[in-house]
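Text of target_31.cif, listed as mmCIF, C-alpha atoms and all ligand atoms:
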data_input
loop_
_atom_site.group_PDB
_atom_site.id
_atom_site.type_symbol
_atom_site.label_atom_id
_atom_site.label_comp_id
_atom_site.auth_asym_id
_atom_site.auth_seq_id
_atom_site.Cartn_x
_atom_site.Cartn_y
_atom_site.Cartn_z
ATOM 1 C CA MET F 1 -5.206 -10.231 4.584
ATOM 2 C CA SER F 2 -7.863 -11.293 7.025
ATOM 3 C CA TYR F 3 -10.201 -8.323 6.559
ATOM 4 C CA GLU F 4 -12.694 -7.375 3.877
ATOM 5 C CA TYR F 5 -10.920 -5.035 1.462
ATOM 6 C CA ILE F 6 -13.298 -2.507 -0.093
ATOM 7 C CA THR F 7 -12.292 -0.582 -3.204
ATOM 8 C CA ARG F 8 -15.611 0.470 -4.691
ATOM 9 C CA HIS F 9 -15.561 3.930 -3.074
ATOM 10 C CA ASN F 10 -13.231 6.505 -4.592
ATOM 11 C CA SER F 11 -12.874 9.920 -3.028
ATOM 12 C CA PRO F 12 -12.533 12.851 -5.434
ATOM 13 C CA ASN F 13 -10.846 14.814 -2.646
ATOM 14 C CA TYR F 14 -7.144 14.385 -3.323
ATOM 15 C CA THR F 15 -4.229 15.791 -5.317
ATOM 16 C CA ARG F 16 -2.845 13.610 -8.073
ATOM 17 C CA GLY F 17 0.567 12.080 -7.373
ATOM 18 C CA ARG F 18 3.133 13.067 -4.769
ATOM 19 C CA PRO F 19 6.198 15.314 -5.075
ATOM 20 C CA VAL F 20 8.113 13.262 -2.497
ATOM 21 C CA LYS F 21 8.458 9.674 -1.355
ATOM 22 C CA ILE F 22 6.052 8.224 1.208
ATOM 23 C CA ASN F 23 7.830 8.165 4.568
ATOM 24 C CA GLY F 24 5.163 7.896 7.240
ATOM 25 C CA ILE F 25 1.639 6.966 8.272
ATOM 26 C CA VAL F 26 -0.681 9.361 10.111
ATOM 27 C CA ILE F 27 -3.266 7.781 12.416
ATOM 28 C CA HIS F 28 -6.641 9.524 12.724
ATOM 29 C CA HIS F 29 -9.947 8.713 14.323
ATOM 30 C CA TRP F 30 -13.221 9.875 12.928
ATOM 31 C CA GLY F 31 -14.080 11.636 16.107
ATOM 32 C CA VAL F 32 -17.587 10.669 17.095
ATOM 33 C CA THR F 33 -18.245 7.335 18.784
ATOM 34 C CA GLY F 34 -21.216 5.506 17.362
ATOM 35 C CA GLN F 35 -20.676 6.953 13.919
ATOM 36 C CA LYS F 36 -20.861 4.283 11.217
ATOM 37 C CA PHE F 37 -17.978 3.214 8.984
ATOM 38 C CA ASP F 38 -20.121 3.526 5.843
ATOM 39 C CA ASN F 39 -21.188 7.059 6.715
ATOM 40 C CA VAL F 40 -17.561 8.085 7.245
ATOM 41 C CA VAL F 41 -16.573 6.550 3.900
ATOM 42 C CA ASN F 42 -19.404 8.380 2.164
ATOM 43 C CA TYR F 43 -18.521 11.658 3.868
ATOM 44 C CA LEU F 44 -14.857 11.484 2.840
ATOM 45 C CA CYS F 45 -15.944 10.575 -0.711
ATOM 46 C CA ARG F 46 -18.327 13.519 -1.012
ATOM 47 C CA SER F 47 -17.929 15.605 -4.116
ATOM 48 C CA GLY F 48 -16.394 19.007 -3.586
ATOM 49 C CA GLY F 49 -15.123 18.082 -0.142
ATOM 50 C CA ASN F 50 -11.936 19.372 1.455
ATOM 51 C CA SER F 51 -10.893 16.277 3.374
ATOM 52 C CA SER F 52 -10.196 12.620 2.768
ATOM 53 C CA ALA F 53 -7.839 9.827 3.792
ATOM 54 C CA HIS F 54 -6.296 6.869 2.030
ATOM 55 C CA TYR F 55 -7.966 4.263 4.210
ATOM 56 C CA VAL F 56 -10.994 4.033 6.489
ATOM 57 C CA VAL F 57 -10.696 1.127 8.917
ATOM 58 C CA GLU F 58 -12.754 -0.719 11.487
ATOM 59 C CA GLY F 59 -12.393 -4.247 12.819
ATOM 60 C CA GLY F 60 -12.591 -6.583 9.808
ATOM 61 C CA ARG F 61 -13.032 -3.914 7.136
ATOM 62 C CA VAL F 62 -10.705 -1.610 5.207
ATOM 63 C CA ALA F 63 -11.906 0.822 2.542
ATOM 64 C CA CYS F 64 -9.206 2.293 0.292
ATOM 65 C CA ILE F 65 -10.753 5.541 -0.948
ATOM 66 C CA VAL F 66 -7.589 7.295 -2.231
ATOM 67 C CA ALA F 67 -4.709 5.296 -3.758
ATOM 68 C CA PRO F 68 -1.470 5.721 -1.773
ATOM 69 C CA ALA F 69 0.237 7.050 -4.914
ATOM 70 C CA ASN F 70 -1.925 10.149 -4.612
ATOM 71 C CA THR F 71 -1.943 12.893 -1.973
ATOM 72 C CA ALA F 72 -4.988 12.569 0.271
ATOM 73 C CA TRP F 73 -6.160 15.549 2.299
ATOM 74 C CA HIS F 74 -6.032 14.211 5.846
ATOM 75 C CA ALA F 75 -3.475 16.054 7.981
ATOM 76 C CA GLY F 76 -4.431 19.652 7.261
ATOM 77 C CA VAL F 77 -0.770 20.394 6.412
ATOM 78 C CA LEU F 78 0.230 20.098 2.764
ATOM 79 C CA ALA F 79 3.820 19.001 3.383
ATOM 80 C CA VAL F 80 2.608 16.250 5.718
ATOM 81 C CA ASN F 81 -0.069 15.072 3.287
ATOM 82 C CA GLN F 82 2.506 14.867 0.501
ATOM 83 C CA ARG F 83 4.721 12.399 2.356
ATOM 84 C CA THR F 84 2.278 10.333 4.419
ATOM 85 C CA ILE F 85 -0.507 7.797 4.183
ATOM 86 C CA GLY F 86 -3.604 8.709 6.226
ATOM 87 C CA ILE F 87 -5.663 6.072 8.029
ATOM 88 C CA GLU F 88 -9.032 6.962 9.572
ATOM 89 C CA CYS F 89 -9.754 4.651 12.508
ATOM 90 C CA ARG F 90 -12.864 3.916 14.533
ATOM 91 C CA PRO F 91 -12.835 6.040 17.696
ATOM 92 C CA GLU F 92 -14.052 3.133 19.845
ATOM 93 C CA ALA F 93 -10.641 1.487 19.254
ATOM 94 C CA THR F 94 -11.675 -2.056 20.139
ATOM 95 C CA ASP F 95 -9.310 -5.027 20.015
ATOM 96 C CA ALA F 96 -10.757 -5.929 16.609
ATOM 97 C CA ASP F 97 -10.171 -2.373 15.355
ATOM 98 C CA TYR F 98 -6.549 -2.544 16.535
ATOM 99 C CA ARG F 99 -5.967 -5.890 14.836
ATOM 100 C CA THR F 100 -7.201 -4.658 11.462
ATOM 101 C CA VAL F 101 -5.350 -1.323 11.644
ATOM 102 C CA ALA F 102 -2.145 -3.165 12.618
ATOM 103 C CA GLU F 103 -2.544 -5.648 9.782
ATOM 104 C CA LEU F 104 -2.944 -2.813 7.281
ATOM 105 C CA VAL F 105 0.097 -1.012 8.746
ATOM 106 C CA ALA F 106 2.180 -4.205 8.422
ATOM 107 C CA GLU F 107 1.112 -4.603 4.795
ATOM 108 C CA LEU F 108 1.902 -0.974 3.987
ATOM 109 C CA ARG F 109 5.354 -1.385 5.538
ATOM 110 C CA ALA F 110 5.919 -4.490 3.424
ATOM 111 C CA ALA F 111 5.131 -2.394 0.362
ATOM 112 C CA TYR F 112 6.721 0.967 1.245
ATOM 113 C CA GLY F 113 9.377 0.242 3.849
ATOM 114 C CA PRO F 114 9.429 0.797 7.633
ATOM 115 C CA LEU F 115 7.036 3.755 7.773
ATOM 116 C CA PRO F 116 6.822 5.316 11.250
ATOM 117 C CA LEU F 117 3.422 6.131 12.730
ATOM 118 C CA SER F 118 2.443 9.594 13.891
ATOM 119 C CA LYS F 119 -0.709 11.165 15.263
ATOM 120 C CA HIS F 120 -2.748 13.843 13.577
ATOM 121 C CA SER F 121 -2.237 15.886 16.759
ATOM 122 C CA ASP F 122 1.520 15.904 16.050
ATOM 123 C CA TYR F 123 0.766 18.424 13.286
ATOM 124 C CA LYS F 124 -2.404 20.270 14.306
ATOM 125 C CA ALA F 125 -4.161 21.319 17.476
ATOM 126 C CA THR F 126 -6.719 18.501 17.459
ATOM 127 C CA SER F 127 -7.876 15.706 19.724
ATOM 128 C CA CYS F 128 -7.405 13.294 16.804
ATOM 129 C CA PRO F 129 -6.694 10.344 17.061
ATOM 130 C CA GLY F 130 -8.370 10.168 20.480
ATOM 131 C CA VAL F 131 -7.514 7.059 22.487
ATOM 132 C CA TRP F 132 -5.512 5.359 19.718
ATOM 133 C CA ASP F 133 -2.187 4.081 21.059
ATOM 134 C CA LEU F 134 0.573 4.059 18.418
ATOM 135 C CA ALA F 135 2.829 1.791 20.469
ATOM 136 C CA ARG F 136 0.115 -0.846 20.566
ATOM 137 C CA ILE F 137 -0.400 -0.631 16.796
ATOM 138 C CA ASN F 138 3.361 -1.003 16.291
ATOM 139 C CA GLN F 139 3.503 -3.986 18.601
ATOM 140 C CA LEU F 140 0.662 -5.759 16.808
ATOM 141 C CA ALA F 141 2.025 -4.818 13.384
ATOM 142 C CA SER F 142 5.493 -6.156 14.129
ATOM 143 C CA GLY F 143 3.957 -9.475 15.149
ATOM 144 C CA ASP F 144 3.083 -9.959 11.486
ATOM 145 C CA ALA F 145 6.467 -8.850 10.213
ATOM 146 C CA GLY F 146 7.796 -12.364 9.765
ATOM 147 C CA SER F 147 4.991 -13.601 7.584
ATOM 148 C CA VAL F 148 4.964 -12.876 3.890
ATOM 149 C CA GLN F 149 1.625 -11.362 3.016
ATOM 150 C CA PRO F 150 0.700 -9.546 -0.126
ATOM 151 C CA PRO F 151 -0.445 -6.023 0.611
ATOM 152 C CA PRO F 152 -3.986 -5.128 -0.278
ATOM 153 C CA PRO F 153 -4.781 -4.682 -3.938
ATOM 154 C CA THR F 154 -5.282 -1.058 -4.825
ATOM 155 C CA PRO F 155 -8.499 0.262 -6.366
ATOM 156 C CA SER F 156 -9.332 -0.581 -9.921
ATOM 157 C CA PRO F 157 -7.815 1.941 -12.320
ATOM 158 C CA ALA F 158 -9.813 4.983 -13.285
ATOM 159 C CA PRO F 159 -9.450 6.460 -16.779
ATOM 160 C CA ASP F 160 -6.542 8.761 -17.701
ATOM 161 C CA LEU F 161 -4.069 7.289 -15.270
ATOM 162 C CA GLY F 162 -0.459 8.355 -15.217
ATOM 163 C CA LEU F 163 2.352 5.836 -15.016
ATOM 164 C CA VAL F 164 2.817 6.335 -11.291
ATOM 165 C CA ASP F 165 -0.878 5.712 -10.686
ATOM 166 C CA VAL F 166 -0.823 2.548 -12.743
ATOM 167 C CA ALA F 167 2.272 1.296 -10.951
ATOM 168 C CA ALA F 168 0.699 1.950 -7.550
ATOM 169 C CA ARG F 169 -2.322 -0.117 -8.508
ATOM 170 C CA LEU F 170 -0.336 -3.180 -9.547
ATOM 171 C CA PRO F 171 0.006 -5.965 -6.994
ATOM 172 C CA VAL F 172 3.147 -5.929 -4.897
ATOM 173 C CA LEU F 173 4.937 -9.190 -5.656
ATOM 174 C CA ASP F 174 7.124 -10.471 -2.853
ATOM 175 C CA LEU F 175 9.705 -12.919 -4.159
ATOM 176 C CA ARG F 176 11.888 -12.973 -1.065
ATOM 177 C CA ASN F 177 10.943 -16.579 -0.388
ATOM 178 C CA ALA F 178 10.945 -17.610 -4.031
ATOM 179 C CA THR F 179 14.081 -19.679 -3.576
ATOM 180 C CA ALA F 180 12.312 -22.173 -1.424
ATOM 181 C CA LYS F 181 9.063 -22.266 -3.313
ATOM 182 C CA PRO F 182 7.706 -20.727 -6.525
ATOM 183 C CA VAL F 183 5.422 -17.762 -5.968
ATOM 184 C CA ALA F 184 2.322 -17.628 -8.123
ATOM 185 C CA GLY F 185 -0.052 -14.708 -8.226
ATOM 186 C CA MET F 186 -1.715 -12.051 -10.232
ATOM 187 C CA GLY F 187 0.890 -10.217 -12.262
ATOM 188 C CA VAL F 188 3.788 -12.670 -11.918
ATOM 189 C CA ASP F 189 3.644 -13.420 -15.647
ATOM 190 C CA VAL F 190 3.588 -9.671 -16.370
ATOM 191 C CA LEU F 191 6.615 -9.191 -14.127
ATOM 192 C CA GLN F 192 8.476 -11.974 -15.923
ATOM 193 C CA GLY F 193 7.575 -10.530 -19.321
ATOM 194 C CA LEU F 194 8.762 -7.045 -18.338
ATOM 195 C CA LEU F 195 12.008 -8.379 -16.899
ATOM 196 C CA MET F 196 12.646 -10.220 -20.163
ATOM 197 C CA ALA F 197 11.797 -7.078 -22.145
ATOM 198 C CA HIS F 198 14.479 -5.288 -20.107
ATOM 199 C CA GLY F 199 17.029 -7.938 -20.949
ATOM 200 C CA GLN F 200 16.846 -10.004 -17.774
ATOM 201 C CA GLY F 201 16.526 -13.673 -18.660
ATOM 202 C CA PRO F 202 15.055 -15.727 -20.046
ATOM 203 C CA ASP F 203 17.815 -18.012 -18.717
ATOM 204 C CA GLY F 204 16.579 -19.348 -15.434
ATOM 205 C CA LEU F 205 13.761 -16.850 -15.348
ATOM 206 C CA THR F 206 10.925 -19.057 -16.432
ATOM 207 C CA GLY F 207 12.065 -22.575 -15.755
ATOM 208 C CA ARG F 208 11.781 -25.012 -18.590
ATOM 209 C CA SER F 209 9.022 -23.291 -20.522
ATOM 210 C CA GLY F 210 11.162 -20.383 -21.772
ATOM 211 C CA ARG F 211 8.109 -18.177 -21.462
ATOM 212 C CA PRO F 212 6.552 -16.251 -18.606
ATOM 213 C CA ASP F 213 4.645 -18.906 -16.704
ATOM 214 C CA GLY F 214 3.159 -16.943 -13.795
ATOM 215 C CA SER F 215 5.127 -18.940 -11.240
ATOM 216 C CA ALA F 216 8.178 -17.106 -9.962
ATOM 217 C CA GLY F 217 11.007 -19.236 -8.616
ATOM 218 C CA ASP F 218 14.678 -18.655 -7.955
ATOM 219 C CA GLY F 219 15.381 -17.527 -11.536
ATOM 220 C CA THR F 220 12.721 -14.834 -11.475
ATOM 221 C CA LYS F 221 13.898 -13.654 -8.067
ATOM 222 C CA THR F 222 17.495 -13.437 -9.297
ATOM 223 C CA ALA F 223 16.404 -11.507 -12.398
ATOM 224 C CA LEU F 224 14.309 -9.119 -10.298
ATOM 225 C CA LEU F 225 17.194 -8.466 -7.894
ATOM 226 C CA ALA F 226 19.574 -7.862 -10.801
ATOM 227 C CA TYR F 227 17.106 -5.472 -12.387
ATOM 228 C CA GLN F 228 16.517 -3.561 -9.131
ATOM 229 C CA ARG F 229 20.258 -3.191 -8.461
ATOM 230 C CA ALA F 230 20.924 -2.074 -12.034
ATOM 231 C CA HIS F 231 18.245 0.607 -11.794
ATOM 232 C CA GLY F 232 18.973 2.110 -8.393
ATOM 233 C CA LEU F 233 15.944 0.544 -6.742
ATOM 234 C CA ASP F 234 15.826 -1.118 -3.340
ATOM 235 C CA GLY F 235 17.268 -4.541 -4.111
ATOM 236 C CA ASP F 236 14.797 -6.396 -1.951
ATOM 237 C CA ALA F 237 13.196 -8.893 -4.375
ATOM 238 C CA VAL F 238 9.859 -7.198 -3.751
ATOM 239 C CA ALA F 239 8.271 -5.685 -6.854
ATOM 240 C CA GLY F 240 6.379 -2.681 -5.475
ATOM 241 C CA ALA F 241 5.205 0.570 -7.009
ATOM 242 C CA ALA F 242 8.711 1.940 -7.674
ATOM 243 C CA THR F 243 9.874 -1.238 -9.399
ATOM 244 C CA TRP F 244 6.708 -1.498 -11.464
ATOM 245 C CA ALA F 245 6.995 2.134 -12.531
ATOM 246 C CA SER F 246 10.592 1.515 -13.612
ATOM 247 C CA LEU F 247 9.718 -1.691 -15.480
ATOM 248 C CA LEU F 248 6.831 0.007 -17.258
ATOM 249 C CA THR F 249 9.144 2.742 -18.489
ATOM 250 C CA PRO F 250 10.428 1.667 -21.925
HETATM 251 ZN ZN ZN D 1 -7.326 13.425 12.116
#

Re-express the file's structure as structure tokens.
Ligand SMILES: [Zn+2]
Amino acid sequence: MSYEYITRHNSPNYTRGRPVKINGIVIHHWGVTGQKFDNVVNYLCRSGGNSSAHYVVEGGRVACIVAPANTAWHAGVLAVNQRTIGIECRPEATDADYRTVAELVAELRAAYGPLPLSKHSDYKATSCPGVWDLARINQLASGDAGSVQPPPPTPSPAPDLGLVDVAARLPVLDLRNATAKPVAGMGVDVLQGLLMAHGQGPDGLTGRSGRPDGSAGDGTKTALLAYQRAHGLDGDAVAGAATWASLLTP
């Protein structure tokens, strides 16, 4: 990612988990031009509040204040909140703001599939999201579709996390290109260890070492694909929240 990713602010204004799968992104603006990013983050993180979002974004900065695995209170309609990710955008909507929002959207799609964008005003009588143009976000976001970028890390775990929360906070590991080149990264060794614990490998999984080595090549990719197909997951060689949750289940 090319922006500063901020995880130190955690909003208490959300409902734990989701009853349904994420299938969309709702674009908001925070309404008042001139209002500062930090003040918006603080407002949405206020204790006892009745509103939040998953992300607050301006050019070059993204704050994740509610993990996508949880239901943020952004759309004002429960059923919409339960199935969508909410992004609060800067109302000035500069080129830099668009670039960062589009980059985040591309990363979320890499993690959760081709999520369509909608406007807050699609669900409520509101002027939100102001001048934001969804077609332009889509155009910019699709420009990044060919590159393999890890999505943003999710906030550091809070105490008493459920399995789904833990899984959503693990890094998404994209092994689609692992044939050509080993993929190293945080959690690759954990992925290899879990695949082995589930009976995938170690043949070919870890190269010559016979142990998880944190560098995923063709063998790890093949084992991941086999695991995903055997467990009814999207067989895409991308270990996201659903795959992690499955692997973490004994
Ligand atoms: Zn809104």

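The residues returned by the PyMOL selection byres (((not hetatm)) within 6 of (chain D and resi 1)) for this structure are F:His28, F:His29, F:His120, F:Cys128, F:Pro129.
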
Counting all atoms listed in the file, the residue of F:Asp38, F:Asp97, F:Asp174, F:Asp165 that sits nearest Arg136 in chain F:
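Looking only at the distances to Arg136 in chain F, the closest residue turns out to be F:Asp97.
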
Expand the PyMOL selection byres (((chain F and resi 58) around 8) and not hetatm) into the explicit residue set it covers here, and present it as a PyMOL selection string.
chain F and resi 37+56-57+59-62+89-90+96-97+100-101

What do you get, as a VMD selection string, if you spell out every residue that the PyMOL selection byres (((chain F and resi 187-197) around 9) and not hetatm) selects here?
chain F and resid 170 to 173 183 to 186 198 to 202 205 to 206 211 to 216 220 223 to 224 227 239 244 247 to 248 250

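With distances restricted to all atoms listed in the file, F:Thr243 is the closest residue to Leu163 in chain F from F:Ser142, F:Thr243, F:Thr33, F:Gln82.
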
Any idea what's packed within 10 Å of Pro19 in chain F, counting only C-alpha atoms, ignoring anything in its chain fewer than 3 positions away? Could you give it as a list in words?
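What passes the distance filter is Arg16, Ile22, Asn70, Thr71, Ala79, Gln82 and Arg83 of chain F.
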
How would the residues just picked look written out with C-alpha atoms as a CSV table (one decimal), in the frame of the given file?
chain,number,residue,atom,x,y,z
F,16,ARG,CA,-2.8,13.6,-8.1
F,22,ILE,CA,6.1,8.2,1.2
F,70,ASN,CA,-1.9,10.1,-4.6
F,71,THR,CA,-1.9,12.9,-2.0
F,79,ALA,CA,3.8,19.0,3.4
F,82,GLN,CA,2.5,14.9,0.5
F,83,ARG,CA,4.7,12.4,2.4

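The coordinates place CA of Ala93 in chain F at 19.0 Å from CA of Cys64 in chain F.
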
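Among the candidates F:Ile85, F:Cys45, F:Met1, F:Ile27, the one nearest to Pro68 in chain F when counting only C-alpha atoms is F:Ile85.
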
Identify which of the residues F:Arg18, F:Lys36, F:Arg46, F:Arg99 lies closest to Val80 in chain F, counting all atoms listed in the file when measuring atom-to-atom distances.
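Among F:Arg18, F:Lys36, F:Arg46, F:Arg99, it is F:Arg18 that comes nearest to Val80 in chain F.
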
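The coordinates place CA of Glu107 in chain F at 18.5 Å from CA of Ala178 in chain F.
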
Name the residues in contact with range 133-135 of chain F at a cut-off of 7 Å, using all atoms listed in the file, excluding same-chain residues fewer than 3 positions from it; report them as a ChimeraX atom specification.
/F:117,138-139

Name all residues at most 10 Å from Asp234 in chain F (count only C-alpha atoms; drop same-chain ones fewer than 6 positions away) and give them as a ChimeraX atom specification.
/F:113,225,228,240,242-243
